[in-house]
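This report concerns only the one structure given below.
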Amino acid sequence: MIESPRVCVQVQSVYIESHSFPEEDRYVFAYTITIRNLGRHPVQLLRRYWLITNSNGGKMEVQGEGVVGEQPLIAPGSEFQYTSGAVLETPLGTMQGHYEMVDQNGDAFRVAIPAFRLAIPTMIN
């Protein structure tokens, strides 16, 4: 029996007021992602896909190799953390997507990243 990789993704986002210009419809957010390998074998992140949606319904897709210039190999019981950013035209939006990864045998699998919120602090109730 083949054990399915167990990968957990946690996200924290923050509004970067110092780089934002609301009068120009430019809202900058940073997000920190922690990817934990809860399985018994190493896994490697190869590609990412994001769907970024602003509160006007505008959508932008982002995809590419790795994350922050890396294709991290994550050992069993260990984690990889990185911080990146997104720029929206509205003070509220969401991001969701997935990572394409491989296990130690080179078998590909996908890890879904549920939607998370990008919001300026005054938008959070």
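Identifiers for the structure tokens are assigned positionally: chains receive A, B, ... in sequence, residues are indexed from 1 per chain, and ligands are indexed from 1 in the order shown.
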
Could you give me, as a PyMOL selection string, the residues within 12 Å of A:Tyr27, counting only C-alpha atoms and dropping anything in the same chain fewer than 3 positions from it? chain A and resi 14-24+30+54-55+85-93+118-121

Tell me, as a PyMOL selection string, which residues lie within 10 Å of A:Ala108, counting only C-alpha atoms; anything in the same chain fewer than 6 positions away does not count. chain A and resi 43-46+100-102

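A straight line drawn from atom CA of A:Phe116 to atom CA of A:Arg40 is 28.0 Å long.
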
Based on DSSP run over this structure's backbone, return all residues of chain A in strand (DSSP E or B), as a ChimeraX atom specification. /A:7-15,21,26-37,43-54,59-65,67,70,73-74,79-88,92-102,108-119

For stretch 57-63 of chain A, work out the shell of residues within 8 Å, counting only C-alpha atoms and skipping chain neighbours fewer than 6 positions away, then give it as a VMD selection string. chain A and resid 47 to 51

Print the selection's residues with all heavy atoms to a file, as a short mmCIF file (atom, residue, chain, number, x, y, z; two decimals), in the first residue's frame.
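This is the output file again-v4.cif:
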data_model
loop_
_atom_site.label_atom_id
_atom_site.label_comp_id
_atom_site.auth_asym_id
_atom_site.auth_seq_id
_atom_site.Cartn_x
_atom_site.Cartn_y
_atom_site.Cartn_z
N ARG A 47 6.00 23.41 -8.17
CA ARG A 47 5.30 24.53 -8.81
C ARG A 47 4.22 25.07 -7.89
O ARG A 47 3.77 24.39 -6.98
CB ARG A 47 4.63 24.08 -10.12
CG ARG A 47 5.61 23.56 -11.17
CD ARG A 47 4.93 23.17 -12.47
NE ARG A 47 4.11 24.22 -13.06
CZ ARG A 47 4.58 25.25 -13.76
NH1 ARG A 47 5.87 25.37 -13.94
NH2 ARG A 47 3.77 26.15 -14.26
N ARG A 48 3.78 26.31 -8.20
CA ARG A 48 2.70 26.93 -7.44
C ARG A 48 1.67 27.49 -8.40
O ARG A 48 1.98 27.83 -9.54
CB ARG A 48 3.22 28.05 -6.56
CG ARG A 48 3.61 29.28 -7.38
CD ARG A 48 4.32 30.34 -6.56
NE ARG A 48 4.68 31.49 -7.34
CZ ARG A 48 5.64 31.56 -8.25
NH1 ARG A 48 6.35 30.49 -8.54
NH2 ARG A 48 5.89 32.68 -8.88
N TYR A 49 0.44 27.60 -7.91
CA TYR A 49 -0.64 28.24 -8.65
C TYR A 49 -1.47 29.05 -7.66
O TYR A 49 -1.85 28.55 -6.60
CB TYR A 49 -1.55 27.21 -9.33
CG TYR A 49 -2.82 27.85 -9.85
CD1 TYR A 49 -2.83 28.51 -11.08
CD2 TYR A 49 -3.98 27.84 -9.10
CE1 TYR A 49 -3.98 29.13 -11.54
CE2 TYR A 49 -5.14 28.46 -9.55
CZ TYR A 49 -5.13 29.11 -10.77
OH TYR A 49 -6.26 29.73 -11.22
N TRP A 50 -1.71 30.32 -7.99
CA TRP A 50 -2.54 31.19 -7.17
C TRP A 50 -3.64 31.81 -8.01
O TRP A 50 -3.40 32.21 -9.15
CB TRP A 50 -1.72 32.34 -6.57
CG TRP A 50 -0.74 31.94 -5.53
CD1 TRP A 50 0.62 31.99 -5.62
CD2 TRP A 50 -1.02 31.46 -4.22
NE1 TRP A 50 1.20 31.56 -4.46
CE2 TRP A 50 0.21 31.23 -3.58
CE3 TRP A 50 -2.20 31.20 -3.53
CZ2 TRP A 50 0.29 30.75 -2.29
CZ3 TRP A 50 -2.12 30.72 -2.24
CH2 TRP A 50 -0.88 30.50 -1.62
N LEU A 51 -4.81 31.94 -7.41
CA LEU A 51 -5.90 32.73 -7.97
C LEU A 51 -6.15 33.83 -6.95
O LEU A 51 -6.54 33.57 -5.81
CB LEU A 51 -7.16 31.89 -8.17
CG LEU A 51 -8.39 32.68 -8.63
CD1 LEU A 51 -8.14 33.32 -10.00
CD2 LEU A 51 -9.62 31.78 -8.67
#

Just checking: using only C-alpha atoms, which residue out of A:Gly64, A:His41, A:Ser84, A:Val28 ends up closest to A:Gly106? A:His41

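Checking A:Thr32, A:Tyr99, A:Ser13, A:Gly39 one by one against A:Gln71, counting only C-alpha atoms, you find the shortest gap at A:Tyr99.
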
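One finds atom CA of A:Gly97 at 6.8 Å from atom CA of A:Pro114.
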
Between A:Phe109, A:Gln12, A:Asp103, A:Ile33, which one has atoms that come closest to A:Ile74, using only C-alpha atoms? A:Asp103

As a PyMOL selection string, which residues of chain A does DSSP assign to helix (DSSP H, G or I)? chain A and resi 17-19+22-24+121-123

Take the selection from the previous step and output its residues with N, CA, C and O atoms, as a PDB file, in the first residue's frame.
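Saved result, out-v4.pdb, follows:
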ATOM      1  N   GLU A  17       0.886  48.826   5.110  1.00  0.00           N
ATOM      2  CA  GLU A  17       0.421  50.206   4.922  1.00  0.00           C
ATOM      3  C   GLU A  17       1.501  51.100   4.329  1.00  0.00           C
ATOM      4  O   GLU A  17       1.218  51.956   3.476  1.00  0.00           O
ATOM      5  N   SER A  18       2.757  50.899   4.734  1.00  0.00           N
ATOM      6  CA  SER A  18       3.846  51.772   4.282  1.00  0.00           C
ATOM      7  C   SER A  18       4.120  51.676   2.780  1.00  0.00           C
ATOM      8  O   SER A  18       4.728  52.567   2.202  1.00  0.00           O
ATOM      9  N   HIS A  19       3.684  50.599   2.129  1.00  0.00           N
ATOM     10  CA  HIS A  19       3.900  50.426   0.694  1.00  0.00           C
ATOM     11  C   HIS A  19       2.603  50.585  -0.114  1.00  0.00           C
ATOM     12  O   HIS A  19       2.598  50.401  -1.327  1.00  0.00           O
ATOM     13  N   PRO A  22      -3.699  53.962  -1.082  1.00  0.00           N
ATOM     14  CA  PRO A  22      -5.142  53.818  -1.313  1.00  0.00           C
ATOM     15  C   PRO A  22      -5.697  54.820  -2.330  1.00  0.00           C
ATOM     16  O   PRO A  22      -6.586  54.471  -3.106  1.00  0.00           O
ATOM     17  N   GLU A  23      -5.152  56.035  -2.346  1.00  0.00           N
ATOM     18  CA  GLU A  23      -5.630  57.040  -3.293  1.00  0.00           C
ATOM     19  C   GLU A  23      -5.343  56.640  -4.739  1.00  0.00           C
ATOM     20  O   GLU A  23      -5.957  57.167  -5.667  1.00  0.00           O
ATOM     21  N   GLU A  24      -4.430  55.698  -4.932  1.00  0.00           N
ATOM     22  CA  GLU A  24      -4.104  55.176  -6.270  1.00  0.00           C
ATOM     23  C   GLU A  24      -4.622  53.745  -6.452  1.00  0.00           C
ATOM     24  O   GLU A  24      -4.192  53.040  -7.372  1.00  0.00           O
ATOM     25  N   PRO A 121      -6.779  46.311   8.044  1.00  0.00           N
ATOM     26  CA  PRO A 121      -7.327  46.062   9.394  1.00  0.00           C
ATOM     27  C   PRO A 121      -8.719  46.647   9.611  1.00  0.00           C
ATOM     28  O   PRO A 121      -9.529  46.047  10.307  1.00  0.00           O
ATOM     29  N   THR A 122      -9.030  47.791   9.026  1.00  0.00           N
ATOM     30  CA  THR A 122     -10.346  48.396   9.242  1.00  0.00           C
ATOM     31  C   THR A 122     -11.467  47.626   8.547  1.00  0.00           C
ATOM     32  O   THR A 122     -12.629  47.849   8.822  1.00  0.00           O
ATOM     33  N   MET A 123     -11.108  46.667   7.645  1.00  0.00           N
ATOM     34  CA  MET A 123     -12.098  45.867   6.939  1.00  0.00           C
ATOM     35  C   MET A 123     -12.476  44.611   7.709  1.00  0.00           C
ATOM     36  O   MET A 123     -13.424  43.936   7.380  1.00  0.00           O
TER      37      MET A 123
END

Counting only C-alpha atoms, figure out which residue out of A:Tyr31, A:Gln10, A:Pro76, A:Pro42 gets nearest to A:Asp107. A:Pro42
